Every structure is written in structure tokens, then in C-alpha cells.
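Participant: This is the content of model-v6.cif (mmCIF, C-alpha atoms; chains and numbers go by the auth columns):
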```cif
data_protein
#
loop_
_atom_site.group_PDB
_atom_site.id
_atom_site.type_symbol
_atom_site.label_atom_id
_atom_site.label_comp_id
_atom_site.label_asym_id
_atom_site.label_seq_id
_atom_site.Cartn_x
_atom_site.Cartn_y
_atom_site.Cartn_z
_atom_site.B_iso_or_equiv
_atom_site.auth_seq_id
_atom_site.auth_asym_id
ATOM 1 C CA MET A 1 176.682 121.596 13.393 0.00 1314 A
ATOM 2 C CA SER A 2 173.435 119.763 14.115 0.00 1315 A
ATOM 3 C CA THR A 3 172.130 116.876 12.052 0.00 1316 A
ATOM 4 C CA THR A 4 168.715 115.327 11.538 0.00 1317 A
ATOM 5 C CA LEU A 5 167.767 111.656 11.476 0.00 1318 A
ATOM 6 C CA SER A 6 167.203 111.794 7.735 0.00 1319 A
ATOM 7 C CA ASP A 7 170.868 112.752 7.317 0.00 1320 A
ATOM 8 C CA TYR A 8 172.131 109.436 8.730 0.00 1321 A
ATOM 9 C CA ALA A 9 169.209 106.999 9.027 0.00 1322 A
ATOM 10 C CA THR A 10 170.234 104.925 5.998 0.00 1323 A
ATOM 11 C CA ARG A 11 173.933 105.781 5.790 0.00 1324 A
ATOM 12 C CA PHE A 12 175.260 102.787 7.723 0.00 1325 A
ATOM 13 C CA THR A 13 175.135 99.114 6.787 0.00 1326 A
ATOM 14 C CA SER A 14 175.695 97.761 10.312 0.00 1327 A
ATOM 15 C CA VAL A 15 172.778 99.411 12.129 0.00 1328 A
ATOM 16 C CA ALA A 16 169.037 99.870 11.877 0.00 1329 A
ATOM 17 C CA LEU A 17 167.627 103.037 13.443 0.00 1330 A
ATOM 18 C CA GLU A 18 164.158 103.815 14.750 0.00 1331 A
ATOM 19 C CA ARG A 19 163.056 106.866 16.748 0.00 1332 A
ATOM 20 C CA ARG A 20 159.941 107.401 18.814 0.00 1333 A
ATOM 21 C CA ASP A 21 159.307 110.525 20.877 0.00 1334 A
ATOM 22 C CA GLY A 22 162.986 111.389 21.065 0.00 1335 A
ATOM 23 C CA ILE A 23 164.068 107.822 21.940 0.00 1336 A
ATOM 24 C CA LEU A 24 166.462 106.432 19.342 0.00 1337 A
ATOM 25 C CA LEU A 25 166.761 102.655 18.981 0.00 1338 A
ATOM 26 C CA VAL A 26 170.127 101.578 17.567 0.00 1339 A
ATOM 27 C CA ARG A 27 170.037 97.908 16.541 0.00 1340 A
ATOM 28 C CA LEU A 28 173.341 96.405 15.431 0.00 1341 A
ATOM 29 C CA HIS A 29 173.104 93.785 12.687 0.00 1342 A
ATOM 30 C CA THR A 30 174.769 92.099 9.734 0.00 1343 A
ATOM 31 C CA ASP A 31 172.303 91.388 6.928 0.00 1344 A
ATOM 32 C CA GLU A 32 169.475 91.521 9.498 0.00 1345 A
ATOM 33 C CA GLY A 33 171.105 88.834 11.622 0.00 1346 A
ATOM 34 C CA PRO A 34 173.388 89.171 14.668 0.00 1347 A
ATOM 35 C CA LEU A 35 176.252 91.571 14.130 0.00 1348 A
ATOM 36 C CA VAL A 36 179.465 90.019 12.850 0.00 1349 A
ATOM 37 C CA TRP A 37 182.303 92.318 13.876 0.00 1350 A
ATOM 38 C CA GLY A 38 184.478 93.460 11.012 0.00 1351 A
ATOM 39 C CA GLU A 39 185.787 96.364 9.012 0.00 1352 A
ATOM 40 C CA ALA A 40 182.356 97.904 8.324 0.00 1353 A
ATOM 41 C CA PRO A 41 181.098 98.270 11.923 0.00 1354 A
ATOM 42 C CA HIS A 42 184.581 99.258 13.083 0.00 1355 A
ATOM 43 C CA ARG A 43 184.546 102.092 10.549 0.00 1356 A
ATOM 44 C CA GLU A 44 180.876 103.025 10.800 0.00 1357 A
ATOM 45 C CA LEU A 45 180.099 103.080 14.510 0.00 1358 A
ATOM 46 C CA PRO A 46 182.292 106.047 15.493 0.00 1359 A
ATOM 47 C CA GLU A 47 180.712 108.098 12.698 0.00 1360 A
ATOM 48 C CA LEU A 48 177.247 106.909 13.721 0.00 1361 A
ATOM 49 C CA PHE A 49 177.719 107.866 17.374 0.00 1362 A
ATOM 50 C CA ARG A 50 178.979 111.313 16.355 0.00 1363 A
ATOM 51 C CA ALA A 51 175.936 111.827 14.105 0.00 1364 A
ATOM 52 C CA ILE A 52 173.595 110.740 16.903 0.00 1365 A
ATOM 53 C CA GLY A 53 175.262 113.135 19.299 0.00 1366 A
ATOM 54 C CA ASP A 54 174.897 116.016 16.832 0.00 1367 A
ATOM 55 C CA ASP A 55 171.142 115.432 16.432 0.00 1368 A
ATOM 56 C CA PRO A 56 169.284 117.536 19.035 0.00 1369 A
ATOM 57 C CA GLU A 57 166.117 115.441 18.613 0.00 1370 A
ATOM 58 C CA ASN A 58 167.770 112.430 20.276 0.00 1371 A
ATOM 59 C CA ARG A 59 167.046 112.480 23.988 0.00 1372 A
ATOM 60 C CA VAL A 60 167.637 108.838 25.007 0.00 1373 A
ATOM 61 C CA LEU A 61 169.402 106.041 23.140 0.00 1374 A
ATOM 62 C CA ILE A 62 168.734 102.289 23.280 0.00 1375 A
ATOM 63 C CA LEU A 63 171.621 100.160 22.019 0.00 1376 A
ATOM 64 C CA THR A 64 171.038 96.483 21.269 0.00 1377 A
ATOM 65 C CA GLY A 65 171.873 93.621 18.944 0.00 1378 A
ATOM 66 C CA THR A 66 169.774 91.464 16.639 0.00 1379 A
ATOM 67 C CA GLY A 67 168.300 88.024 17.244 0.00 1380 A
ATOM 68 C CA GLN A 68 169.445 85.868 20.138 0.00 1381 A
ATOM 69 C CA GLU A 69 173.059 87.013 20.466 0.00 1382 A
ATOM 70 C CA PHE A 70 174.708 90.367 20.874 0.00 1383 A
ATOM 71 C CA MET A 71 178.029 89.585 19.198 0.00 1384 A
ATOM 72 C CA THR A 72 179.834 86.247 18.975 0.00 1385 A
ATOM 73 C CA ARG A 73 181.604 86.299 15.603 0.00 1386 A
ATOM 74 C CA ILE A 74 184.265 88.301 13.812 0.00 1387 A
ATOM 75 C CA ASP A 75 185.164 88.489 10.125 0.00 1388 A
ATOM 76 C CA ARG A 76 188.910 89.062 10.190 0.00 1389 A
ATOM 77 C CA GLU A 77 189.098 88.787 6.409 0.00 1390 A
ATOM 78 C CA SER A 78 186.896 91.865 6.021 0.00 1391 A
ATOM 79 C CA TRP A 79 189.953 94.077 6.536 0.00 1392 A
ATOM 80 C CA GLY A 80 191.379 92.597 3.346 0.00 1393 A
ATOM 81 C CA PRO A 81 194.470 90.550 2.486 0.00 1394 A
ATOM 82 C CA GLU A 82 196.769 93.299 3.777 0.00 1395 A
ATOM 83 C CA ARG A 83 195.094 93.460 7.210 0.00 1396 A
ATOM 84 C CA GLU A 84 198.442 93.012 8.958 0.00 1397 A
ATOM 85 C CA GLY A 85 200.032 95.887 7.033 0.00 1398 A
ATOM 86 C CA ALA A 86 201.140 99.020 8.856 0.00 1399 A
ATOM 87 C CA ASP A 87 198.491 101.252 7.250 0.00 1400 A
ATOM 88 C CA ILE A 88 195.662 98.883 8.169 0.00 1401 A
ATOM 89 C CA ARG A 89 196.913 98.526 11.746 0.00 1402 A
ATOM 90 C CA ASP A 90 197.137 102.308 12.016 0.00 1403 A
ATOM 91 C CA ALA A 91 193.557 102.710 10.777 0.00 1404 A
ATOM 92 C CA MET A 92 192.323 100.009 13.168 0.00 1405 A
ATOM 93 C CA MET A 93 194.078 101.665 16.094 0.00 1406 A
ATOM 94 C CA ARG A 94 192.638 105.090 15.274 0.00 1407 A
ATOM 95 C CA ARG A 95 189.155 103.643 14.837 0.00 1408 A
ATOM 96 C CA GLY A 96 189.446 101.682 18.079 0.00 1409 A
ATOM 97 C CA LYS A 97 190.067 104.923 19.943 0.00 1410 A
ATOM 98 C CA ALA A 98 187.391 106.801 17.997 0.00 1411 A
ATOM 99 C CA LEU A 99 184.826 104.099 18.762 0.00 1412 A
ATOM 100 C CA LEU A 100 184.976 104.491 22.541 0.00 1413 A
ATOM 101 C CA ASP A 101 185.588 108.235 22.391 0.00 1414 A
ATOM 102 C CA ALA A 102 182.449 108.749 20.294 0.00 1415 A
ATOM 103 C CA LEU A 103 180.368 106.373 22.414 0.00 1416 A
ATOM 104 C CA MET A 104 181.351 108.075 25.659 0.00 1417 A
ATOM 105 C CA ALA A 105 180.830 111.532 24.127 0.00 1418 A
ATOM 106 C CA LEU A 106 177.153 110.827 23.451 0.00 1419 A
ATOM 107 C CA PRO A 107 175.179 113.535 25.273 0.00 1420 A
ATOM 108 C CA THR A 108 172.123 111.348 25.856 0.00 1421 A
ATOM 109 C CA PRO A 109 171.555 108.637 28.455 0.00 1422 A
ATOM 110 C CA VAL A 110 172.160 105.195 26.939 0.00 1423 A
ATOM 111 C CA ILE A 111 170.271 101.997 27.724 0.00 1424 A
ATOM 112 C CA GLY A 112 172.261 98.925 26.733 0.00 1425 A
ATOM 113 C CA VAL A 113 170.219 95.831 25.921 0.00 1426 A
ATOM 114 C CA VAL A 114 172.338 92.676 25.762 0.00 1427 A
ATOM 115 C CA ASN A 115 170.157 90.244 23.827 0.00 1428 A
ATOM 116 C CA GLY A 116 172.327 87.157 24.294 0.00 1429 A
ATOM 117 C CA PRO A 117 175.988 86.086 24.352 0.00 1430 A
ATOM 118 C CA ALA A 118 178.496 88.959 24.059 0.00 1431 A
ATOM 119 C CA ARG A 119 181.900 87.457 23.302 0.00 1432 A
ATOM 120 C CA TYR A 120 183.204 90.359 21.220 0.00 1433 A
ATOM 121 C CA HIS A 121 183.056 94.008 22.271 0.00 1434 A
ATOM 122 C CA ALA A 122 180.907 93.425 25.326 0.00 1435 A
ATOM 123 C CA GLU A 123 182.203 96.791 26.515 0.00 1436 A
ATOM 124 C CA LEU A 124 179.867 98.559 24.052 0.00 1437 A
ATOM 125 C CA PRO A 125 176.614 97.752 25.880 0.00 1438 A
ATOM 126 C CA LEU A 126 178.321 97.597 29.291 0.00 1439 A
ATOM 127 C CA LEU A 127 179.366 101.251 28.967 0.00 1440 A
ATOM 128 C CA SER A 128 175.677 102.196 28.922 0.00 1441 A
ATOM 129 C CA ASP A 129 174.079 104.054 31.823 0.00 1442 A
ATOM 130 C CA VAL A 130 171.492 101.290 32.296 0.00 1443 A
ATOM 131 C CA VAL A 131 172.298 97.728 31.217 0.00 1444 A
ATOM 132 C CA LEU A 132 169.633 95.050 30.714 0.00 1445 A
ATOM 133 C CA ALA A 133 170.560 91.478 29.847 0.00 1446 A
ATOM 134 C CA ALA A 134 168.711 88.447 28.549 0.00 1447 A
ATOM 135 C CA GLU A 135 168.801 85.333 30.702 0.00 1448 A
ATOM 136 C CA THR A 136 170.874 83.685 27.967 0.00 1449 A
ATOM 137 C CA THR A 137 173.571 86.360 28.067 0.00 1450 A
ATOM 138 C CA VAL A 138 177.179 85.297 28.540 0.00 1451 A
ATOM 139 C CA PHE A 139 180.049 87.788 28.724 0.00 1452 A
ATOM 140 C CA GLN A 140 183.480 86.717 27.517 0.00 1453 A
ATOM 141 C CA ASP A 141 186.511 88.396 25.939 0.00 1454 A
ATOM 142 C CA THR A 142 187.466 86.194 22.984 0.00 1455 A
ATOM 143 C CA ALA A 143 189.028 88.951 20.864 0.00 1456 A
ATOM 144 C CA HIS A 144 192.327 89.342 22.678 0.00 1457 A
ATOM 145 C CA PHE A 145 194.462 87.128 24.944 0.00 1458 A
ATOM 146 C CA HIS A 146 192.160 84.137 24.427 0.00 1459 A
ATOM 147 C CA THR A 147 193.125 84.101 20.736 0.00 1460 A
ATOM 148 C CA GLY A 148 196.752 85.147 21.070 0.00 1461 A
ATOM 149 C CA GLY A 149 196.452 88.921 21.268 0.00 1462 A
ATOM 150 C CA VAL A 150 197.080 91.612 23.867 0.00 1463 A
ATOM 151 C CA PRO A 151 193.950 92.897 25.657 0.00 1464 A
ATOM 152 C CA GLY A 152 193.356 96.351 24.188 0.00 1465 A
ATOM 153 C CA ASP A 153 190.337 98.225 22.820 0.00 1466 A
ATOM 154 C CA GLY A 154 189.800 99.576 26.342 0.00 1467 A
ATOM 155 C CA VAL A 155 189.117 96.159 27.898 0.00 1468 A
ATOM 156 C CA ASN A 156 192.442 96.345 29.753 0.00 1469 A
ATOM 157 C CA ILE A 157 190.988 99.358 31.582 0.00 1470 A
ATOM 158 C CA LEU A 158 187.319 98.504 31.852 0.00 1471 A
ATOM 159 C CA TRP A 159 187.218 94.904 33.074 0.00 1472 A
ATOM 160 C CA PRO A 160 189.565 95.506 36.036 0.00 1473 A
ATOM 161 C CA LEU A 161 187.497 98.612 36.769 0.00 1474 A
ATOM 162 C CA TRP A 162 184.199 96.725 36.680 0.00 1475 A
ATOM 163 C CA LEU A 163 185.309 93.499 38.378 0.00 1476 A
ATOM 164 C CA GLY A 164 188.159 94.683 40.583 0.00 1477 A
ATOM 165 C CA VAL A 165 191.823 94.661 39.622 0.00 1478 A
ATOM 166 C CA ASN A 166 192.608 90.994 40.312 0.00 1479 A
ATOM 167 C CA ARG A 167 189.345 89.469 39.128 0.00 1480 A
ATOM 168 C CA GLY A 168 189.354 91.673 36.032 0.00 1481 A
ATOM 169 C CA ARG A 169 192.853 90.589 35.062 0.00 1482 A
ATOM 170 C CA HIS A 170 191.931 86.943 35.625 0.00 1483 A
ATOM 171 C CA PHE A 171 188.869 87.381 33.398 0.00 1484 A
ATOM 172 C CA LEU A 172 190.999 88.709 30.542 0.00 1485 A
ATOM 173 C CA LEU A 173 193.769 86.120 30.936 0.00 1486 A
ATOM 174 C CA SER A 174 191.556 83.065 31.398 0.00 1487 A
ATOM 175 C CA GLY A 175 188.876 83.588 28.753 0.00 1488 A
ATOM 176 C CA ARG A 176 186.278 82.630 31.355 0.00 1489 A
ATOM 177 C CA GLU A 177 182.567 83.254 30.862 0.00 1490 A
ATOM 178 C CA ILE A 178 180.306 85.336 33.078 0.00 1491 A
ATOM 179 C CA SER A 179 176.684 84.248 33.006 0.00 1492 A
ATOM 180 C CA ALA A 180 173.751 86.644 33.256 0.00 1493 A
ATOM 181 C CA PRO A 181 172.973 85.788 36.917 0.00 1494 A
ATOM 182 C CA GLU A 182 176.639 86.246 37.836 0.00 1495 A
ATOM 183 C CA ALA A 183 176.765 89.516 35.907 0.00 1496 A
ATOM 184 C CA LEU A 184 173.802 90.724 37.952 0.00 1497 A
ATOM 185 C CA ASP A 185 175.508 89.722 41.210 0.00 1498 A
ATOM 186 C CA LEU A 186 178.733 91.460 40.127 0.00 1499 A
ATOM 187 C CA GLY A 187 176.909 94.673 39.244 0.00 1500 A
ATOM 188 C CA LEU A 188 177.716 94.491 35.525 0.00 1501 A
ATOM 189 C CA VAL A 189 174.025 94.650 34.612 0.00 1502 A
ATOM 190 C CA ALA A 190 171.018 96.227 36.282 0.00 1503 A
ATOM 191 C CA GLU A 191 168.369 93.675 35.349 0.00 1504 A
ATOM 192 C CA VAL A 192 168.158 90.178 33.841 0.00 1505 A
ATOM 193 C CA LEU A 193 164.983 89.297 31.962 0.00 1506 A
ATOM 194 C CA PRO A 194 163.664 86.717 29.501 0.00 1507 A
ATOM 195 C CA LEU A 195 164.671 87.660 25.972 0.00 1508 A
ATOM 196 C CA GLU A 196 161.087 88.344 24.917 0.00 1509 A
ATOM 197 C CA GLN A 197 160.704 90.956 27.683 0.00 1510 A
ATOM 198 C CA LEU A 198 163.944 92.854 27.120 0.00 1511 A
ATOM 199 C CA MET A 199 162.886 95.475 24.596 0.00 1512 A
ATOM 200 C CA GLU A 200 159.588 96.219 26.303 0.00 1513 A
ATOM 201 C CA ARG A 201 161.489 96.925 29.511 0.00 1514 A
ATOM 202 C CA ALA A 202 164.052 99.074 27.673 0.00 1515 A
ATOM 203 C CA TRP A 203 161.336 101.252 26.144 0.00 1516 A
ATOM 204 C CA GLU A 204 159.624 101.500 29.536 0.00 1517 A
ATOM 205 C CA ILE A 205 162.813 102.834 31.126 0.00 1518 A
ATOM 206 C CA ALA A 206 163.437 105.162 28.189 0.00 1519 A
ATOM 207 C CA TYR A 207 159.982 106.711 28.478 0.00 1520 A
ATOM 208 C CA GLU A 208 160.541 107.211 32.185 0.00 1521 A
ATOM 209 C CA LEU A 209 163.825 108.992 31.476 0.00 1522 A
ATOM 210 C CA ILE A 210 162.449 111.397 28.867 0.00 1523 A
ATOM 211 C CA ARG A 211 160.020 112.806 31.418 0.00 1524 A
ATOM 212 C CA ARG A 212 163.011 114.804 32.669 0.00 1525 A
ATOM 213 C CA PRO A 213 164.026 118.133 31.088 0.00 1526 A
ATOM 214 C CA ARG A 214 166.423 117.951 28.150 0.00 1527 A
ATOM 215 C CA LEU A 215 169.292 119.639 29.966 0.00 1528 A
ATOM 216 C CA THR A 216 168.812 117.397 32.994 0.00 1529 A
ATOM 217 C CA LEU A 217 169.254 114.367 30.733 0.00 1530 A
ATOM 218 C CA ARG A 218 172.301 115.785 28.975 0.00 1531 A
ATOM 219 C CA TYR A 219 174.100 116.999 32.067 0.00 1532 A
ATOM 220 C CA THR A 220 173.299 113.866 34.056 0.00 1533 A
ATOM 221 C CA ARG A 221 174.832 111.808 31.259 0.00 1534 A
ATOM 222 C CA ALA A 222 177.918 114.021 31.406 0.00 1535 A
ATOM 223 C CA ALA A 223 178.154 113.738 35.198 0.00 1536 A
ATOM 224 C CA LEU A 224 177.755 109.958 35.254 0.00 1537 A
ATOM 225 C CA THR A 225 180.415 109.345 32.607 0.00 1538 A
ATOM 226 C CA LEU A 226 183.118 111.676 33.946 0.00 1539 A
ATOM 227 C CA GLU A 227 184.977 108.962 35.839 0.00 1540 A
ATOM 228 C CA LEU A 228 184.741 106.400 33.046 0.00 1541 A
ATOM 229 C CA ARG A 229 186.002 108.926 30.533 0.00 1542 A
ATOM 230 C CA ARG A 230 188.881 109.861 32.836 0.00 1543 A
ATOM 231 C CA HIS A 231 189.998 106.229 33.036 0.00 1544 A
ATOM 232 C CA LEU A 232 189.736 105.757 29.277 0.00 1545 A
ATOM 233 C CA ASP A 233 191.516 109.019 28.537 0.00 1546 A
ATOM 234 C CA SER A 234 194.413 107.969 30.753 0.00 1547 A
ATOM 235 C CA ALA A 235 195.232 104.628 29.138 0.00 1548 A
ATOM 236 C CA LEU A 236 193.195 103.836 26.023 0.00 1549 A
ATOM 237 C CA ASP A 237 195.948 104.974 23.659 0.00 1550 A
ATOM 238 C CA ALA A 238 198.613 102.966 25.469 0.00 1551 A
ATOM 239 C CA GLY A 239 196.508 99.814 25.516 0.00 1552 A
ATOM 240 C CA LEU A 240 195.787 100.069 21.804 0.00 1553 A
ATOM 241 C CA ALA A 241 199.461 100.708 21.072 0.00 1554 A
ATOM 242 C CA LEU A 242 200.534 97.607 23.009 0.00 1555 A
ATOM 243 C CA GLN A 243 197.816 95.570 21.313 0.00 1556 A
ATOM 244 C CA PHE A 244 199.012 96.449 17.839 0.00 1557 A
ATOM 245 C CA LEU A 245 202.712 96.441 18.707 0.00 1558 A
ATOM 246 C CA ALA A 246 202.382 92.740 19.530 0.00 1559 A
ATOM 247 C CA ARG A 247 201.060 92.184 15.996 0.00 1560 A
ATOM 248 C CA ALA A 248 203.681 94.316 14.281 0.00 1561 A
ATOM 249 C CA TYR A 249 205.946 91.498 13.078 0.00 1562 A
ATOM 250 C CA PRO A 250 205.441 87.798 12.414 0.00 1563 A
ATOM 251 C CA PRO A 251 206.948 85.301 14.886 0.00 1564 A
ATOM 252 C CA GLY A 252 210.726 85.205 14.695 0.00 1565 A
ATOM 253 C CA LYS A 253 210.904 88.554 12.901 0.00 1566 A
ATOM 254 C CA MET A 254 210.567 90.986 15.790 0.00 1567 A
ATOM 255 C CA TYR A 255 213.604 92.885 14.455 0.00 1568 A
ATOM 256 C CA PRO A 256 213.209 92.697 10.653 0.00 1569 A
ATOM 257 C CA TRP A 257 216.342 94.760 10.028 0.00 1570 A
ATOM 258 C CA VAL A 258 218.484 91.999 11.605 0.00 1571 A
ATOM 259 C CA ASP A 259 219.636 89.091 9.463 0.00 1572 A
ATOM 260 C CA HIS A 260 218.216 85.996 11.199 0.00 1573 A
ATOM 261 C CA ASP A 261 219.977 83.514 8.897 0.00 1574 A
#
```
Just give me the structure as C-alpha cells.
Facilitator:
Amino acid sequence: MSTTLSDYATRFTSVALERRDGILLVRLHTDEGPLVWGEAPHRELPELFRAIGDDPENRVLILTGTGQEFMTRIDRESWGPEREGADIRDAMMRRGKALLDALMALPTPVIGVVNGPARYHAELPLLSDVVLAAETTVFQDTAHFHTGGVPGDGVNILWPLWLGVNRGRHFLLSGREISAPEALDLGLVAEVLPLEQLMERAWEIAYELIRRPRLTLRYTRAALTLELRRHLDSALDAGLALQFLARAYPPGKMYPWVDHD
């Protein structure tokens, strides 16, 4: 069933949407500042991406953040006081899978615009077909091993794929940063520009893309994401399961049915 922009333009608290000539700008934000990751975007973004994909008027998508950083903060308390409960973990796991599934299922080419440091969920813009980065961009995975967790959310698949198996594993285990110039050298991004030039360049590329026929855009997107989707389909569930299994019990209580006294 198709949707229209009016059906979803104001439905989500974590994004601002603007469309020109079939080009949809998706700007992530929290209260008009840089996005703080939390329960709301985790819940909203899969639904947003599905709505965008169901709208036939969207021909190209630009995905970016707000201000001078893409995402550097997380509000763990937003999941509530029972965030370590089994039901919450189950919902987070399902939404983690739905997030990447819905993003990769988008039928339109995606231009990712990384407007500064991306320390949480850098995979969201990096999964775009064209990735532009500000000179101030830094990529880092601070959501997982760096803070005591198991690398999941697809990063266990994607970073070794992007960087090579050994360098990707080192990146996830060390918490190291990748600067914008290094990201360009490594092939993570296509172009590095001053922050004030990023959006102009993104719109320029988008207008070049929409010169192509609609079906050319849709089927090219499908062709260029086949391999990425195959990798994610093969191991995303397992990575998420391991991530949340490690959080299942507090330290010293791995087997709660055993009397530890």
C-alpha cells in the first residue's frame, strides 16, 4: 500500500523531512539539535524508512544529522527503569534488526551526509550509496565493546567488511577513531568537504541522480545493495543475539537458578 508525505511528515519526533522534486531530505535531530540516540529513534526509524519506501514520490533520499555532529550521545535512561528486563531487551533486539532491514530495503538511492563526529550508529550513513563527510567527521564505535558490550547491531559484520577482517576487528576492539581524511583513504566515504559545503554538494548529486528514469534508480539501488543485504541477512540475527545474551544477567548471576551462596 502506497503512502504520501502528508501521511508521515509529522509523525516522528526524531526526524525533520523536506522534499523537493522527488528528493527527500531526512534530517535526524533531538529537539532541533544533534540526535541523541535513545528509545524514540530506535522505535521510529524502522517505521520511517518503511513509510519512505512505500511513498512512490520519493526518488532519492538524503540522510544527515543536525548541527556539527552526526551522533555522539546516547540516552540509556530513555528505555525506562526496566531497560535490562527481558521484554525490553527483546524489543530492542527486534528493533535493531528492523532498523537495518528497513534501511536496506529502501528502493531509492541514498546519499549519506555525515555532518561531524559519528560515534554511535555510524553504520546508518555509511550504508548509503554515496557518502559525504565533513572535514570534522570522526568515526568510532563507542556503543559496544568500548563500553563493555558485545559488538552487535550489524557492526560485527559491516566494519570487517568495510575495513578488511583484521583491521575491522581491531577497530571494534580498540575503540580507535577514524578521521575524515583516513576514511576517504580507506574508501569509507566518497568525498570530504567543509561542513558549510556538505548539503549543497548532496543536493547537487541528488539532482544529477534524478535525471535517470525511475525504474533505473530503483533497480540500481537493488543491484548495489544485494551483497550488503546478503551479508546482513546471514549474521545480523546472531550478532544481535550475542549482544543481548551478554547483558542477560548481572555479573556473578549468569546462572540465576543456581544458589551462589
Participant: If the PyMOL selection byres ((chain A and resi 1358-1374) around 8) were run on this exact file, what residues would it hold? Put them as a PyMOL selection string.
Facilitator: chain A and resi 1314-1318+1321+1325+1335-1339+1354-1357+1375-1376+1408+1411-1416+1418-1424+1519+1522-1523+1527+1530-1531
Participant: Using all atoms listed in the file, which residues sit within 9 Å of Pro1494 of chain A once same-chain residues fewer than 4 positions away are excluded, as a list in words?
Facilitator: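 Once the adjacent positions are removed, what remains is Glu1448, Thr1450, Asp1498, Leu1499 and Val1505 of chain A.
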Participant: What do you get, as a PDB file with C-alpha atoms, keeping the file's coordinate frame, if you spell out every residue that the PyMOL selection byres ((chain A and resi 1459) around 8) selects here?
Facilitator:
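Resulting contents of out09.pdb:
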```pdb
ATOM      1  CA  ASP A1454     186.511  88.396  25.939  1.00  0.00           C
ATOM      2  CA  THR A1455     187.466  86.194  22.984  1.00  0.00           C
ATOM      3  CA  ALA A1456     189.028  88.951  20.864  1.00  0.00           C
ATOM      4  CA  HIS A1457     192.327  89.342  22.678  1.00  0.00           C
ATOM      5  CA  PHE A1458     194.462  87.128  24.944  1.00  0.00           C
ATOM      6  CA  THR A1460     193.125  84.101  20.736  1.00  0.00           C
ATOM      7  CA  GLY A1461     196.752  85.147  21.070  1.00  0.00           C
ATOM      8  CA  GLY A1462     196.452  88.921  21.268  1.00  0.00           C
ATOM      9  CA  LEU A1485     190.999  88.709  30.542  1.00  0.00           C
ATOM     10  CA  LEU A1486     193.769  86.120  30.936  1.00  0.00           C
ATOM     11  CA  SER A1487     191.556  83.065  31.398  1.00  0.00           C
ATOM     12  CA  GLY A1488     188.876  83.588  28.753  1.00  0.00           C
TER      13      GLY A1488
END
```
Participant: Suppose you want the space between atom CA of Ala1535 of chain A and atom CA of Ala1496 of chain A; what is it in Å?
Facilitator: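 Atom CA of Ala1535 of chain A sits 24.9 Å away from atom CA of Ala1496 of chain A.
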Participant: State, in Å with one decimal place, the distance from atom CA of Glu1509 of chain A to atom CA of Ala1447 of chain A.
Facilitator: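 Taking atom CA of Glu1509 of chain A and atom CA of Ala1447 of chain A, their separation equals 8.4 Å.
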Participant: So, counting all atoms listed in the file, which residue among A:Ser1441, A:Asn1428, A:Thr1385, A:Ser1492 is closest to Arg1534 of chain A?
Facilitator: A:Ser1441
Participant: With only C-alpha atoms as the atoms that count, which of A:Arg1407, A:Thr1343, A:Leu1445, A:Trp1350 lies nearest to Arg1514 of chain A?
Facilitator: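 Of A:Arg1407, A:Thr1343, A:Leu1445, A:Trp1350, the one nearest Arg1514 of chain A, counting only C-alpha atoms, is A:Leu1445.
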Participant: Separation of atom CA of Ala1329 of chain A and atom CA of Ala1515 of chain A, in Å?
Facilitator: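 Interatomic distance, atom CA of Ala1329 of chain A to atom CA of Ala1515 of chain A: 16.6 Å.
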Participant: Pick the closest to Gly1500 of chain A from A:Val1443, A:Asn1479, A:Ala1353, A:Glu1390: which is it, counting all atoms listed in the file?
Facilitator: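 So, comparing all the options, the nearest one is A:Val1443.
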Participant: Please evaluate the PyMOL selection byres ((chain A and resi 1552) around 12) against the structure above and give the resulting residues as a PyMOL selection string.
Facilitator: chain A and resi 1406+1409-1410+1457+1462-1471+1544-1551+1553-1559
Participant: Just to be explicit: take each residue in the selection above, keep C-alpha atoms, and write the result as a compact mmCIF listing (two decimals), in the frame of the given file.
Facilitator:
```txt
# COMPACT_ATOMS: atom_id res chain seq x y z
CA MET A 1406 194.08 101.66 16.09
CA GLY A 1409 189.45 101.68 18.08
CA LYS A 1410 190.07 104.92 19.94
CA HIS A 1457 192.33 89.34 22.68
CA GLY A 1462 196.45 88.92 21.27
CA VAL A 1463 197.08 91.61 23.87
CA PRO A 1464 193.95 92.90 25.66
CA GLY A 1465 193.36 96.35 24.19
CA ASP A 1466 190.34 98.22 22.82
CA GLY A 1467 189.80 99.58 26.34
CA VAL A 1468 189.12 96.16 27.90
CA ASN A 1469 192.44 96.34 29.75
CA ILE A 1470 190.99 99.36 31.58
CA LEU A 1471 187.32 98.50 31.85
CA HIS A 1544 190.00 106.23 33.04
CA LEU A 1545 189.74 105.76 29.28
CA ASP A 1546 191.52 109.02 28.54
CA SER A 1547 194.41 107.97 30.75
CA ALA A 1548 195.23 104.63 29.14
CA LEU A 1549 193.20 103.84 26.02
CA ASP A 1550 195.95 104.97 23.66
CA ALA A 1551 198.61 102.97 25.47
CA LEU A 1553 195.79 100.07 21.80
CA ALA A 1554 199.46 100.71 21.07
CA LEU A 1555 200.53 97.61 23.01
CA GLN A 1556 197.82 95.57 21.31
CA PHE A 1557 199.01 96.45 17.84
CA LEU A 1558 202.71 96.44 18.71
CA ALA A 1559 202.38 92.74 19.53
```
Participant: Under the rule that only C-alpha atoms are counted, which of A:Leu1474, A:Ile1518, A:Arg1332, A:Gly1481 is the nearest residue to Glu1504 of chain A?
Facilitator: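 That would be A:Ile1518, the residue with the smallest distance to Glu1504 of chain A.
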